[in-house]
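J.: Sending over a structure as structure tokens; questions will come in a sec.
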Amino acid sequence: MDSCLQTIGDYGLRALGYGERLLPRSDFTLCQQFTLIGSGMLWNIYFGVFALLAGFVLAVAVAMGKASSNRLVRKPSEWFIFLFRGSPLFIQFFFAYFFFLSLKGVSPIFDAFSSAWLGALIVLFLNTAAYSGEIFFGALKSIPKGDMEAADAYGLSGYAKFRRITFPTMMRLAWPAYTNEAIFLFHATALVFFSGFPARQQRGDALYYANYFADKTFNPFVPYPILAGYFILLTLVVILSMGAINRRLNRHLGKAPKLKIRPTLIR
Amino acid sequence: MFSFCTDPSTLETYQWFACYFTTGKHANFYWAFVTVLLLLAVTAPTSLAMGFGGASAARSRIAPVRWLGHGYISVVRGVPDIAFFLFFVIALDQGLEFLRHSALCPDWDQPIRQGNDFIVCDAAKLPLGNAPQWVHEVYGFALAVFTFAIVFGAFAANVLYGAMQAVPRAQLETAEAYGMTHRQTFWRILVPQMWVYALPGLSNLWMVLIKATPLLFLLGVEDIVYWARELGGTANPRFTDYPHGDWRMWYFLFLLVFYLAFTRVSEVVLERLMNRLTHGQATTGGEAQRKAA
Amino acid sequence: MNKLILSTALLAIGAGAAFADGHSVVRLGTEGAYPPFNFLNDAGEVDGFERELGDELCARAELTCEWVTNEWDSIIPNLVSGNYDAIIAGMSITAERDEVIDFTQNYTQPDPSSYLVAAGNEGLNVETAVIAAQTNTIQASFVAEMGATLLEFASPEESVAAVKAGEADAVLADDSFLAPIVEADAELAKLEREELIGGGIGMGLRESDGELKAKMDAAISSMKADGSLNALIEKWEVGAKF
């Protein structure tokens, strides 16, 4: 037990570069596998949380853009959504890495872009913005006509109407599908070190370490189920926190409707 | 392929490319597109069947079956598909061989696990050790289809479960009032009506499935991404008649266009299908169609 | 799984004798992406040093052999679960691997690993540099232990591309793999410094498969004795002769 605490101390933050420099190379224990794969989860959480937060803002903008009557705004939004929803994330990662590498030649400002922490985050951010943009757009289209007419009748217009009526209603309608998108986004973070972006100093995500152990122990039946367990936990946390937000969004309804993951999954 | 291809280094550009694109290696690349399309064609109905089973189980009146259904849906949905793909195929293969081993070789006295080795008697091997290569390939392909079906079956089950719940209660109650059994209500009332509710989710799932095919190489099927990487990588003059630099960019660009076109076509077809299905239905979509007409 | 496609090279030599014992067909697993050891030629078939070697070994051991390609990552798990019978994929004999699988005697001399750098960067101090290597290779563990900054890529191709793009300062890989690349590209060069890691390349077999190991060992010995192995090594330039 003590040695396991020791292992956690050594490897708990290994994915971020703290603790023991060398990964375990022989006599692999279950504790080591749990600790390192868990340490890698920090990256999955980092990618997921930041891409989701930044993507949310862009998604609202893109959804409004796609609904706009101005061609110059609508067309780019439509193309953005089409490009990122129509192609596999795997191929997007590959292209992004290529693109960022060539940018490096232009100016040293772009140096950081070819490392996973920034480059992959940008891809995930754009990707989730496109998917959520489509979800929000769908929700925008299904706002009951009466709500908008009532807003007009109250003399609301422009930004005030958007902030007080359009936006909150859109969110309420989109939330179940958006929860699904959030789950998928966290799962997609496992692809980062699998396609294009290199792992630096053996700092990788959960899948990277699971793969490391599978390769060193030659036994895939231990590390991958551990990884799966961590992801199921993460998914539960996502569902719970999105459910909490859902209750807040619907607090005016008295007893909030239970968050039902609707049969429309968007990704 | 062409008679002038005997010495590629002397050819003019367009001839060089004509030869280059018709090498045996490229034929494998083109064949991989067929493989991917075939996989989609087989996996889609299989996942739908798995999904139907899962959703029905989740609605079952027998508690353990219900738990099983819900468990299947939430566990598979909770794990990234890539993690699943990485170990599931080996597990499945060993599981099948173990079952055959227990059935076919009852008097085998050695342990199945010898250290790290997984050993079953020769008769239990899948496919048999002396089977021709195409049997191995078909078997590998079948395992890949099955793995995809398990993963996407869980998503389909989720969609179908939601669709079954969306069928108005009154319809089912009426059926029961008419004296239909549970089985009859399920097959004659619930199932025919749920498809309209399920279609948006299922079409999304189809798009997801298309976009998951680049992960096929993890399952040991040499797919288009595998060949794009293999063909696009720097070709050294010592090992090929067609040396070139790093062309992966162009090959991946081609894949990108392929996927965009494929998803676009699917989108259009599914939209038409949805229009057909909603025609005359008492839903918002059907109402809109009626007004527009 | 991973029973991949590719050339089904059925060698019809001595088929009668081959069916006499446990292995009617011996399946040889390789990666197909590591020239000159193994790669796919223009026709899409497995080719290279190990292709010729494997075919010759099978002929001498009077076995019918078949080639299969498999991703490097899962090449050992698929061997132990019985999807093919031998790995012949430029795999260095290491103590770690030897615990899980068996190796035949080595059929190449221990091959030094060298550093590939951009031309003009030959004065690089590797200990403080950023060094690229393929994930899960002996070179990757070597760099990690040395303390230089390690960048891991899924394929050797990507690690070379990283040096050209300036992402990494050097690639550490088998000398036989890097030599033809340097030869073909004037923008790349090799460092003088070499690292001796690994104990030569051998054929990997399941530990329970002593019979096949004995046959292959005998075939390799006979090829070493009559000089035909040296001729192959010379032809494909895969290190020093025996």
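Naming scheme: A, B, ... for chains in displayed order of the structure tokens; residues 1 onward per chain; ligands 1 onward as shown.
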Taking only C-alpha atoms into account, find every residue of chain B that has an atom no more than 6 Å from chain A, and write it out as a list in words.
T.: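 Written out as asked, the residues are Gly78, Val79, Pro80, Phe87, Val159, Gly162, Gly201, Asn204, Lys211, Tyr259, Leu260 and Thr263 of chain B.
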J.: How about saving the chosen residues, C-alpha atoms kept, as a short mmCIF file (atom, residue, chain, number, x, y, z; two decimals), in the first residue's frame?
T.:
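Once written, selection26.cif looks like this:
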```
data_model
loop_
_atom_site.label_atom_id
_atom_site.label_comp_id
_atom_site.auth_asym_id
_atom_site.auth_seq_id
_atom_site.Cartn_x
_atom_site.Cartn_y
_atom_site.Cartn_z
CA GLY B 78 -19.23 5.76 -22.12
CA VAL B 79 -15.99 4.51 -23.65
CA PRO B 80 -14.23 6.13 -26.63
CA PHE B 87 -8.34 -4.61 -27.47
CA VAL B 159 -31.71 6.17 -30.58
CA GLY B 162 -35.72 7.11 -27.38
CA GLY B 201 -30.99 10.06 -34.95
CA ASN B 204 -26.81 11.14 -37.73
CA LYS B 211 -16.48 9.20 -40.23
CA TYR B 259 -15.34 11.94 -47.20
CA LEU B 260 -16.88 15.36 -47.79
CA THR B 263 -21.28 12.69 -46.31
#
```
J.: Enumerate the residues of range 78-219 of chain C with a DSSP assignment of alpha helix (DSSP H), computed from the backbone, and present them as an MDAnalysis selection string.
T.: chainID C and resid 78:80 95:100 138:146 156:164 175:184 210:219
J.: What does the file look like for those residues with N, CA and C atoms, as a CSV table (one decimal), in the first residue's frame?
T.:
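Heads up, here's the output in part_8.csv:
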```
chain,number,residue,atom,x,y,z
C,78,ASN,N,-0.5,-10.1,-31.3
C,78,ASN,CA,-1.1,-11.0,-32.3
C,78,ASN,C,-0.3,-12.3,-32.5
C,79,LEU,N,1.0,-12.2,-32.2
C,79,LEU,CA,1.8,-13.5,-32.3
C,79,LEU,C,1.4,-14.4,-31.2
C,80,VAL,N,1.4,-13.9,-30.0
C,80,VAL,CA,1.1,-14.8,-28.9
C,80,VAL,C,-0.3,-15.3,-28.9
C,95,ALA,N,16.0,-8.1,-24.0
C,95,ALA,CA,15.7,-8.9,-22.8
C,95,ALA,C,14.2,-8.8,-22.5
C,96,GLU,N,13.6,-7.6,-22.6
C,96,GLU,CA,12.2,-7.4,-22.4
C,96,GLU,C,11.3,-8.3,-23.3
C,97,ARG,N,11.6,-8.2,-24.6
C,97,ARG,CA,10.8,-9.0,-25.5
C,97,ARG,C,11.1,-10.5,-25.3
C,98,ASP,N,12.3,-10.8,-24.9
C,98,ASP,CA,12.6,-12.2,-24.8
C,98,ASP,C,11.8,-12.9,-23.6
C,99,GLU,N,11.4,-12.1,-22.7
C,99,GLU,CA,10.6,-12.6,-21.6
C,99,GLU,C,9.2,-13.1,-22.1
C,100,VAL,N,8.7,-12.5,-23.2
C,100,VAL,CA,7.4,-12.8,-23.6
C,100,VAL,C,7.4,-13.8,-24.8
C,138,ILE,N,13.3,0.4,-29.4
C,138,ILE,CA,14.4,0.5,-28.5
C,138,ILE,C,15.0,1.9,-28.5
C,139,GLN,N,15.0,2.5,-29.7
C,139,GLN,CA,15.5,3.9,-29.8
C,139,GLN,C,14.8,4.9,-28.9
C,140,ALA,N,13.4,4.7,-28.9
C,140,ALA,CA,12.6,5.7,-28.0
C,140,ALA,C,13.0,5.5,-26.6
C,141,SER,N,13.1,4.2,-26.1
C,141,SER,CA,13.5,4.1,-24.7
C,141,SER,C,14.9,4.6,-24.4
C,142,PHE,N,15.8,4.4,-25.4
C,142,PHE,CA,17.2,4.9,-25.3
C,142,PHE,C,17.2,6.4,-25.1
C,143,VAL,N,16.5,7.1,-25.9
C,143,VAL,CA,16.5,8.6,-25.8
C,143,VAL,C,15.9,9.0,-24.5
C,144,ALA,N,14.8,8.3,-24.1
C,144,ALA,CA,14.2,8.7,-22.8
C,144,ALA,C,15.2,8.5,-21.6
C,145,GLU,N,16.0,7.5,-21.7
C,145,GLU,CA,16.9,7.2,-20.6
C,145,GLU,C,18.1,8.2,-20.7
C,146,MET,N,18.5,8.6,-21.9
C,146,MET,CA,19.6,9.5,-22.1
C,146,MET,C,19.3,10.9,-21.5
C,156,PRO,N,8.0,5.7,-38.7
C,156,PRO,CA,9.3,6.3,-38.9
C,156,PRO,C,9.2,7.4,-40.0
C,157,GLU,N,8.3,7.3,-40.9
C,157,GLU,CA,8.2,8.4,-41.9
C,157,GLU,C,7.9,9.7,-41.3
C,158,GLU,N,7.0,9.8,-40.3
C,158,GLU,CA,6.7,11.0,-39.6
C,158,GLU,C,7.9,11.6,-38.9
C,159,SER,N,8.7,10.7,-38.3
C,159,SER,CA,9.8,11.2,-37.5
C,159,SER,C,10.8,11.9,-38.5
C,160,VAL,N,11.0,11.4,-39.7
C,160,VAL,CA,11.9,12.0,-40.6
C,160,VAL,C,11.3,13.3,-41.1
C,161,ALA,N,10.0,13.3,-41.3
C,161,ALA,CA,9.4,14.6,-41.8
C,161,ALA,C,9.5,15.7,-40.7
C,162,ALA,N,9.6,15.3,-39.4
C,162,ALA,CA,9.7,16.3,-38.3
C,162,ALA,C,11.1,16.9,-38.4
C,163,VAL,N,12.1,16.2,-38.7
C,163,VAL,CA,13.4,16.8,-38.8
C,163,VAL,C,13.5,17.8,-40.0
C,164,LYS,N,12.9,17.4,-41.1
C,164,LYS,CA,12.9,18.3,-42.3
C,164,LYS,C,12.1,19.6,-42.0
C,175,ASP,N,20.6,2.3,-38.4
C,175,ASP,CA,21.5,2.9,-39.4
C,175,ASP,C,21.1,2.4,-40.8
C,176,SER,N,20.7,1.1,-40.9
C,176,SER,CA,20.4,0.6,-42.2
C,176,SER,C,19.1,1.3,-42.8
C,177,PHE,N,18.2,1.7,-41.9
C,177,PHE,CA,17.0,2.4,-42.3
C,177,PHE,C,17.3,3.8,-42.8
C,178,LEU,N,18.2,4.5,-42.0
C,178,LEU,CA,18.5,5.9,-42.3
C,178,LEU,C,19.4,6.1,-43.6
C,179,ALA,N,20.3,5.1,-43.8
C,179,ALA,CA,21.3,5.3,-44.8
C,179,ALA,C,20.7,5.6,-46.2
C,180,PRO,N,19.8,4.8,-46.7
C,180,PRO,CA,19.2,5.1,-48.0
C,180,PRO,C,18.5,6.5,-48.0
C,181,ILE,N,17.9,6.9,-46.9
C,181,ILE,CA,17.2,8.2,-46.9
C,181,ILE,C,18.2,9.3,-47.1
C,182,VAL,N,19.3,9.2,-46.3
C,182,VAL,CA,20.3,10.3,-46.5
C,182,VAL,C,20.9,10.3,-47.9
C,183,GLU,N,21.1,9.1,-48.4
C,183,GLU,CA,21.6,9.0,-49.8
C,183,GLU,C,20.7,9.8,-50.8
C,184,ALA,N,19.4,9.7,-50.6
C,184,ALA,CA,18.5,10.2,-51.6
C,184,ALA,C,18.2,11.7,-51.4
C,210,GLY,N,8.6,-24.6,-29.7
C,210,GLY,CA,10.0,-25.0,-29.8
C,210,GLY,C,10.4,-25.7,-31.1
C,211,GLU,N,9.5,-26.4,-31.6
C,211,GLU,CA,9.7,-27.2,-32.9
C,211,GLU,C,10.1,-26.2,-34.0
C,212,LEU,N,9.2,-25.2,-34.2
C,212,LEU,CA,9.5,-24.3,-35.3
C,212,LEU,C,10.8,-23.5,-35.1
C,213,LYS,N,11.1,-23.2,-33.8
C,213,LYS,CA,12.3,-22.5,-33.5
C,213,LYS,C,13.5,-23.3,-33.9
C,214,ALA,N,13.4,-24.6,-33.5
C,214,ALA,CA,14.6,-25.4,-33.9
C,214,ALA,C,14.8,-25.5,-35.4
C,215,LYS,N,13.7,-25.6,-36.1
C,215,LYS,CA,13.9,-25.7,-37.6
C,215,LYS,C,14.5,-24.4,-38.2
C,216,MET,N,13.9,-23.3,-37.7
C,216,MET,CA,14.4,-22.0,-38.2
C,216,MET,C,15.8,-21.7,-37.8
C,217,ASP,N,16.2,-22.1,-36.6
C,217,ASP,CA,17.6,-21.9,-36.1
C,217,ASP,C,18.5,-22.7,-37.0
C,218,ALA,N,18.1,-24.0,-37.3
C,218,ALA,CA,18.9,-24.8,-38.2
C,218,ALA,C,19.1,-24.2,-39.5
C,219,ALA,N,18.0,-23.6,-40.1
C,219,ALA,CA,18.0,-23.0,-41.4
C,219,ALA,C,18.9,-21.8,-41.4
```
J.: Could you tell me which of B:Ser56, B:Ser102, B:Gln94, B:Ser9 comes closest to chain C if we count only C-alpha atoms?
T.: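 Result for the nearest residue to chain C: B:Gln94.
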J.: Restricting the calculation to only C-alpha atoms, which member of C:Gln105, C:Asn230, C:Asn125, C:Ser74 is positioned closest to chain A?
T.: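 Checking each candidate against chain A, we get C:Ser74 as the closest.
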J.: Would you give me, as a VMD selection string, the residues of chain C that come within 9 Å of chain B, using only C-alpha atoms?
T.: chain C and resid 1 to 8 22 to 27 33 35 to 36 39 to 45 47 to 48 66 68 70 to 71 74 77 to 84 100 to 101 157 to 158 161 180 to 181 184 206 to 208
J.: What would the file look like if the residues just selected were written as an mmCIF file, in the first residue's frame with C-alpha atoms?
T.:
```
data_model
loop_
_atom_site.group_PDB
_atom_site.id
_atom_site.type_symbol
_atom_site.label_atom_id
_atom_site.label_comp_id
_atom_site.auth_asym_id
_atom_site.auth_seq_id
_atom_site.Cartn_x
_atom_site.Cartn_y
_atom_site.Cartn_z
ATOM 1 C CA MET C 1 -7.124 -9.573 -36.863
ATOM 2 C CA ASN C 2 -4.528 -7.921 -38.439
ATOM 3 C CA LYS C 3 -4.390 -10.885 -40.668
ATOM 4 C CA LEU C 4 -3.873 -8.676 -43.363
ATOM 5 C CA ILE C 5 -4.121 -8.649 -46.808
ATOM 6 C CA LEU C 6 -1.290 -8.509 -49.104
ATOM 7 C CA SER C 7 0.534 -10.848 -51.050
ATOM 8 C CA THR C 8 -0.275 -14.373 -50.430
ATOM 9 C CA GLY C 22 1.874 -29.455 -36.806
ATOM 10 C CA HIS C 23 2.435 -26.492 -39.077
ATOM 11 C CA SER C 24 0.924 -27.161 -42.437
ATOM 12 C CA VAL C 25 1.343 -23.504 -43.337
ATOM 13 C CA VAL C 26 3.670 -21.221 -41.417
ATOM 14 C CA ARG C 27 2.399 -17.648 -41.359
ATOM 15 C CA ALA C 33 7.063 -0.291 -43.616
ATOM 16 C CA PRO C 35 12.977 -0.621 -45.775
ATOM 17 C CA PRO C 36 15.359 -2.187 -46.525
ATOM 18 C CA PHE C 39 8.495 -2.934 -47.284
ATOM 19 C CA LEU C 40 5.782 -3.093 -49.887
ATOM 20 C CA ASN C 41 7.049 -2.889 -53.442
ATOM 21 C CA ASP C 42 5.270 -1.226 -56.352
ATOM 22 C CA ALA C 43 3.171 -4.311 -56.896
ATOM 23 C CA GLY C 44 1.979 -4.097 -53.277
ATOM 24 C CA GLU C 45 3.817 -7.236 -52.195
ATOM 25 C CA ASP C 47 9.665 -7.189 -50.405
ATOM 26 C CA GLY C 48 13.098 -6.527 -48.956
ATOM 27 C CA GLU C 66 2.707 -17.250 -46.172
ATOM 28 C CA VAL C 68 1.015 -11.370 -43.461
ATOM 29 C CA ASN C 70 0.462 -6.269 -39.190
ATOM 30 C CA GLU C 71 0.798 -2.869 -37.478
ATOM 31 C CA SER C 74 0.203 -4.971 -31.999
ATOM 32 C CA PRO C 77 0.080 -9.578 -28.998
ATOM 33 C CA ASN C 78 -1.077 -11.000 -32.315
ATOM 34 C CA LEU C 79 1.790 -13.487 -32.339
ATOM 35 C CA VAL C 80 1.093 -14.805 -28.861
ATOM 36 C CA SER C 81 -2.610 -15.121 -29.543
ATOM 37 C CA GLY C 82 -1.775 -17.249 -32.552
ATOM 38 C CA ASN C 83 -2.710 -15.117 -35.540
ATOM 39 C CA TYR C 84 0.592 -15.868 -37.189
ATOM 40 C CA VAL C 100 7.385 -12.797 -23.615
ATOM 41 C CA ILE C 101 8.395 -14.457 -26.848
ATOM 42 C CA GLU C 157 8.180 8.365 -41.929
ATOM 43 C CA GLU C 158 6.690 11.018 -39.650
ATOM 44 C CA ALA C 161 9.372 14.577 -41.765
ATOM 45 C CA PRO C 180 19.199 5.134 -48.015
ATOM 46 C CA ILE C 181 17.214 8.176 -46.876
ATOM 47 C CA ALA C 184 18.477 10.185 -51.598
ATOM 48 C CA ARG C 206 5.863 -18.152 -29.437
ATOM 49 C CA GLU C 207 7.656 -19.637 -26.425
ATOM 50 C CA SER C 208 5.607 -22.795 -26.724
#
```
J.: Tell me the residues of chain C close to chain A, meaning within 6 Å using only C-alpha atoms, as number ranges by chain.
T.: C: 77, 149-153
J.: Write to file, as a short mmCIF file (atom, residue, chain, number, x, y, z; two decimals), in the first residue's frame, the residues of the selection just made, with N, CA and C atoms.
T.:
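What follows is the written file again-v3.cif:
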```cif
data_model
loop_
_atom_site.label_atom_id
_atom_site.label_comp_id
_atom_site.auth_asym_id
_atom_site.auth_seq_id
_atom_site.Cartn_x
_atom_site.Cartn_y
_atom_site.Cartn_z
N PRO C 77 1.34 -8.97 -29.47
CA PRO C 77 0.08 -9.58 -29.00
C PRO C 77 -0.56 -10.50 -30.04
N THR C 149 15.37 15.51 -25.05
CA THR C 149 13.93 15.68 -25.21
C THR C 149 13.42 14.73 -26.29
N LEU C 150 12.52 13.84 -25.90
CA LEU C 150 12.05 12.81 -26.82
C LEU C 150 10.73 13.22 -27.46
N LEU C 151 10.67 13.12 -28.79
CA LEU C 151 9.41 13.33 -29.51
C LEU C 151 9.04 12.00 -30.14
N GLU C 152 7.85 11.48 -29.82
CA GLU C 152 7.51 10.16 -30.34
C GLU C 152 6.50 10.24 -31.47
N PHE C 153 6.77 9.54 -32.56
CA PHE C 153 5.87 9.51 -33.70
C PHE C 153 5.41 8.08 -33.94
#
```
J.: Nearest to Phe242 in chain C: which of C:Thr108, C:Met203, C:Ala186, C:Leu116 is it, counting only C-alpha atoms?
T.: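 Closest residue, counting only C-alpha atoms: C:Thr108.
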J.: Can you tell me which residues surround Ala15 in chain A at a distance of at most 8 Å, considering only C-alpha atoms, apart from same-chain residues fewer than 3 positions away, and format the answer as a count of residues only?
T.: 12
J.: Give me, as a ChimeraX atom specification, all polymer residues having an atom no more than 12 Å from Val151 in chain B, counting only C-alpha atoms and skipping those fewer than 6 positions away in the same chain.
T.: /B:43-44,46-48,50-51,54,72-85,88,144-145,157-158,205,208-209,212
J.: Residues as selected, N, CA, C and O atoms, written as a compact mmCIF listing (two decimals), in the first residue's frame, can you do that?
T.:
```txt
# COMPACT_ATOMS: atom_id res chain seq x y z
N THR B 43 -22.13 -3.28 -42.00
CA THR B 43 -22.21 -2.86 -40.60
C THR B 43 -23.53 -2.17 -40.28
O THR B 43 -24.08 -2.37 -39.20
N ALA B 44 -24.02 -1.34 -41.23
CA ALA B 44 -25.22 -0.57 -40.92
C ALA B 44 -26.40 -1.46 -40.52
O ALA B 44 -26.96 -1.26 -39.43
N THR B 46 -26.31 -4.55 -39.50
CA THR B 46 -25.94 -5.33 -38.32
C THR B 46 -26.09 -4.49 -37.05
O THR B 46 -26.65 -4.94 -36.04
N SER B 47 -25.59 -3.23 -37.11
CA SER B 47 -25.71 -2.37 -35.93
C SER B 47 -27.17 -2.11 -35.62
O SER B 47 -27.57 -2.02 -34.46
N LEU B 48 -27.95 -1.94 -36.68
CA LEU B 48 -29.36 -1.66 -36.47
C LEU B 48 -30.01 -2.83 -35.74
O LEU B 48 -30.79 -2.65 -34.80
N MET B 50 -28.44 -5.01 -33.78
CA MET B 50 -27.94 -4.99 -32.40
C MET B 50 -28.68 -3.93 -31.60
O MET B 50 -29.03 -4.12 -30.44
N GLY B 51 -28.86 -2.77 -32.23
CA GLY B 51 -29.54 -1.66 -31.58
C GLY B 51 -30.96 -2.03 -31.23
O GLY B 51 -31.46 -1.72 -30.14
N GLY B 54 -30.86 -4.29 -28.31
CA GLY B 54 -30.52 -3.55 -27.09
C GLY B 54 -31.70 -2.73 -26.59
O GLY B 54 -32.02 -2.74 -25.39
N TYR B 72 -25.48 -2.39 -21.39
CA TYR B 72 -24.83 -2.40 -22.70
C TYR B 72 -24.79 -1.01 -23.30
O TYR B 72 -23.73 -0.52 -23.72
N ILE B 73 -25.94 -0.33 -23.29
CA ILE B 73 -26.01 1.00 -23.89
C ILE B 73 -25.05 1.96 -23.20
O ILE B 73 -24.24 2.64 -23.83
N SER B 74 -25.10 1.99 -21.84
CA SER B 74 -24.31 3.05 -21.20
C SER B 74 -22.82 2.72 -21.15
O SER B 74 -22.00 3.63 -21.25
N VAL B 75 -22.46 1.45 -21.01
CA VAL B 75 -21.02 1.15 -20.96
C VAL B 75 -20.37 1.44 -22.30
O VAL B 75 -19.36 2.16 -22.37
N VAL B 76 -20.93 0.94 -23.38
CA VAL B 76 -20.29 1.15 -24.67
C VAL B 76 -20.29 2.62 -25.05
O VAL B 76 -19.33 3.14 -25.61
N ARG B 77 -21.38 3.34 -24.71
CA ARG B 77 -21.41 4.75 -25.04
C ARG B 77 -20.45 5.55 -24.18
O ARG B 77 -20.05 6.65 -24.55
N GLY B 78 -20.09 5.01 -23.02
CA GLY B 78 -19.23 5.76 -22.12
C GLY B 78 -17.75 5.66 -22.46
O GLY B 78 -16.93 6.39 -21.93
N VAL B 79 -17.40 4.75 -23.35
CA VAL B 79 -15.99 4.51 -23.65
C VAL B 79 -15.69 5.01 -25.07
O VAL B 79 -16.48 4.78 -25.97
N PRO B 80 -14.56 5.70 -25.27
CA PRO B 80 -14.23 6.13 -26.63
C PRO B 80 -14.09 4.91 -27.54
O PRO B 80 -13.52 3.90 -27.14
N ASP B 81 -14.63 5.01 -28.75
CA ASP B 81 -14.60 3.85 -29.64
C ASP B 81 -13.18 3.36 -29.90
O ASP B 81 -12.93 2.17 -30.01
N ILE B 82 -12.23 4.29 -29.91
CA ILE B 82 -10.85 3.92 -30.23
C ILE B 82 -10.29 2.96 -29.16
O ILE B 82 -9.62 1.98 -29.48
N ALA B 83 -10.63 3.22 -27.88
CA ALA B 83 -10.15 2.35 -26.81
C ALA B 83 -10.75 0.96 -26.96
O ALA B 83 -10.09 -0.06 -26.72
N PHE B 84 -12.00 0.94 -27.39
CA PHE B 84 -12.68 -0.32 -27.60
C PHE B 84 -12.01 -1.12 -28.71
O PHE B 84 -11.76 -2.31 -28.58
N PHE B 85 -11.71 -0.44 -29.80
CA PHE B 85 -11.15 -1.10 -30.97
C PHE B 85 -9.78 -1.72 -30.65
O PHE B 85 -9.40 -2.70 -31.24
N PHE B 88 -10.58 -5.03 -28.26
CA PHE B 88 -11.75 -5.88 -28.37
C PHE B 88 -11.56 -7.00 -29.39
O PHE B 88 -12.02 -8.11 -29.19
N ALA B 144 -14.01 -7.24 -37.68
CA ALA B 144 -14.09 -5.79 -37.70
C ALA B 144 -15.55 -5.35 -37.78
O ALA B 144 -15.98 -4.44 -37.06
N VAL B 145 -16.31 -6.02 -38.64
CA VAL B 145 -17.73 -5.69 -38.76
C VAL B 145 -18.42 -5.87 -37.42
O VAL B 145 -19.18 -5.01 -36.96
N ALA B 157 -29.12 1.57 -30.31
CA ALA B 157 -30.06 1.18 -29.26
C ALA B 157 -30.56 2.41 -28.52
O ALA B 157 -31.75 2.53 -28.22
N ASN B 158 -29.64 3.34 -28.26
CA ASN B 158 -30.02 4.57 -27.58
C ASN B 158 -31.04 5.35 -28.39
O ASN B 158 -32.04 5.84 -27.87
N LEU B 205 -26.33 8.92 -37.02
CA LEU B 205 -25.48 7.79 -36.67
C LEU B 205 -24.77 7.27 -37.92
O LEU B 205 -23.59 6.90 -37.88
N VAL B 208 -21.90 9.42 -38.49
CA VAL B 208 -20.83 9.11 -37.53
C VAL B 208 -20.09 7.86 -37.98
O VAL B 208 -18.86 7.78 -37.93
N LEU B 209 -20.85 6.90 -38.45
CA LEU B 209 -20.27 5.63 -38.89
C LEU B 209 -19.31 5.87 -40.06
O LEU B 209 -18.20 5.33 -40.08
N ALA B 212 -16.14 7.22 -38.85
CA ALA B 212 -15.34 6.35 -37.98
C ALA B 212 -14.50 5.38 -38.80
O ALA B 212 -13.62 4.72 -38.25
```
J.: So that I can check the surroundings of Gln6 in chain A, please list as a list in words every protein, DNA and RNA residue that reaches within 12 Å of it, counting only C-alpha atoms and ignoring chain neighbours fewer than 3 positions away.
T.: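 The residues satisfying every condition are Met1, Asp2, Ser3, Gly9, Asp10, Tyr11, Gly12, Gly19, Glu20, Cys31, Gln32 and Thr35 of chain A.
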J.: Pick the closest to Arg276 in chain B from B:Leu199, B:Cys19, B:Trp227, B:Gln171: which is it, counting only C-alpha atoms?
T.: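 Of B:Leu199, B:Cys19, B:Trp227, B:Gln171, the one nearest Arg276 in chain B is B:Leu199, counting only C-alpha atoms.
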J.: Mind checking which residues fall within 10 Å of Gln109 in chain C, counting only C-alpha atoms, ignoring those fewer than 2 positions away in the same chain, and posting them as a tab-separated table (two decimals) with N, CA and C atoms, in the first residue's frame?
T.:
```tsv
chain	number	residue	atom	x	y	z
C	106	ASN	N	20.35	-14.52	-33.97
C	106	ASN	CA	20.23	-13.31	-34.78
C	106	ASN	C	20.67	-13.56	-36.22
C	107	TYR	N	19.96	-12.97	-37.18
C	107	TYR	CA	20.34	-13.12	-38.58
C	107	TYR	C	20.95	-11.85	-39.16
C	111	ASP	N	22.99	-3.93	-35.24
C	111	ASP	CA	23.07	-2.79	-36.14
C	111	ASP	C	23.15	-1.52	-35.30
C	112	PRO	N	24.17	-0.69	-35.50
C	112	PRO	CA	24.21	0.55	-34.73
C	112	PRO	C	23.04	1.45	-35.12
C	198	GLY	N	20.52	-2.81	-28.70
C	198	GLY	CA	19.90	-3.99	-29.30
C	198	GLY	C	20.94	-5.04	-29.63
C	199	GLY	N	20.48	-6.25	-29.75
C	199	GLY	CA	21.41	-7.36	-29.96
C	199	GLY	C	21.24	-8.02	-31.29
C	200	GLY	N	21.09	-7.28	-32.34
C	200	GLY	CA	20.88	-7.90	-33.64
C	200	GLY	C	19.42	-8.27	-33.80
C	201	ILE	N	19.07	-8.63	-35.03
C	201	ILE	CA	17.68	-8.91	-35.33
C	201	ILE	C	17.47	-10.41	-35.41
C	202	GLY	N	16.39	-10.88	-34.82
C	202	GLY	CA	16.06	-12.30	-34.90
C	202	GLY	C	14.61	-12.48	-35.25
C	233	ILE	N	22.86	-10.02	-46.99
C	233	ILE	CA	23.18	-8.83	-46.20
C	233	ILE	C	23.86	-7.79	-47.08
C	238	VAL	N	22.34	-4.28	-45.04
C	238	VAL	CA	21.76	-4.22	-43.69
C	238	VAL	C	22.82	-4.52	-42.64
C	239	GLY	N	23.93	-3.81	-42.69
C	239	GLY	CA	24.91	-3.93	-41.63
C	239	GLY	C	26.06	-4.88	-41.99
C	240	ALA	N	26.82	-5.22	-40.94
C	240	ALA	CA	28.04	-5.99	-41.16
C	240	ALA	C	27.72	-7.45	-41.46
C	241	LYS	N	28.68	-8.12	-42.16
C	241	LYS	CA	28.49	-9.53	-42.49
C	241	LYS	C	28.92	-10.40	-41.31
C	242	PHE	N	28.53	-11.68	-41.35
C	242	PHE	CA	28.94	-12.62	-40.31
C	242	PHE	C	30.31	-13.19	-40.63
```
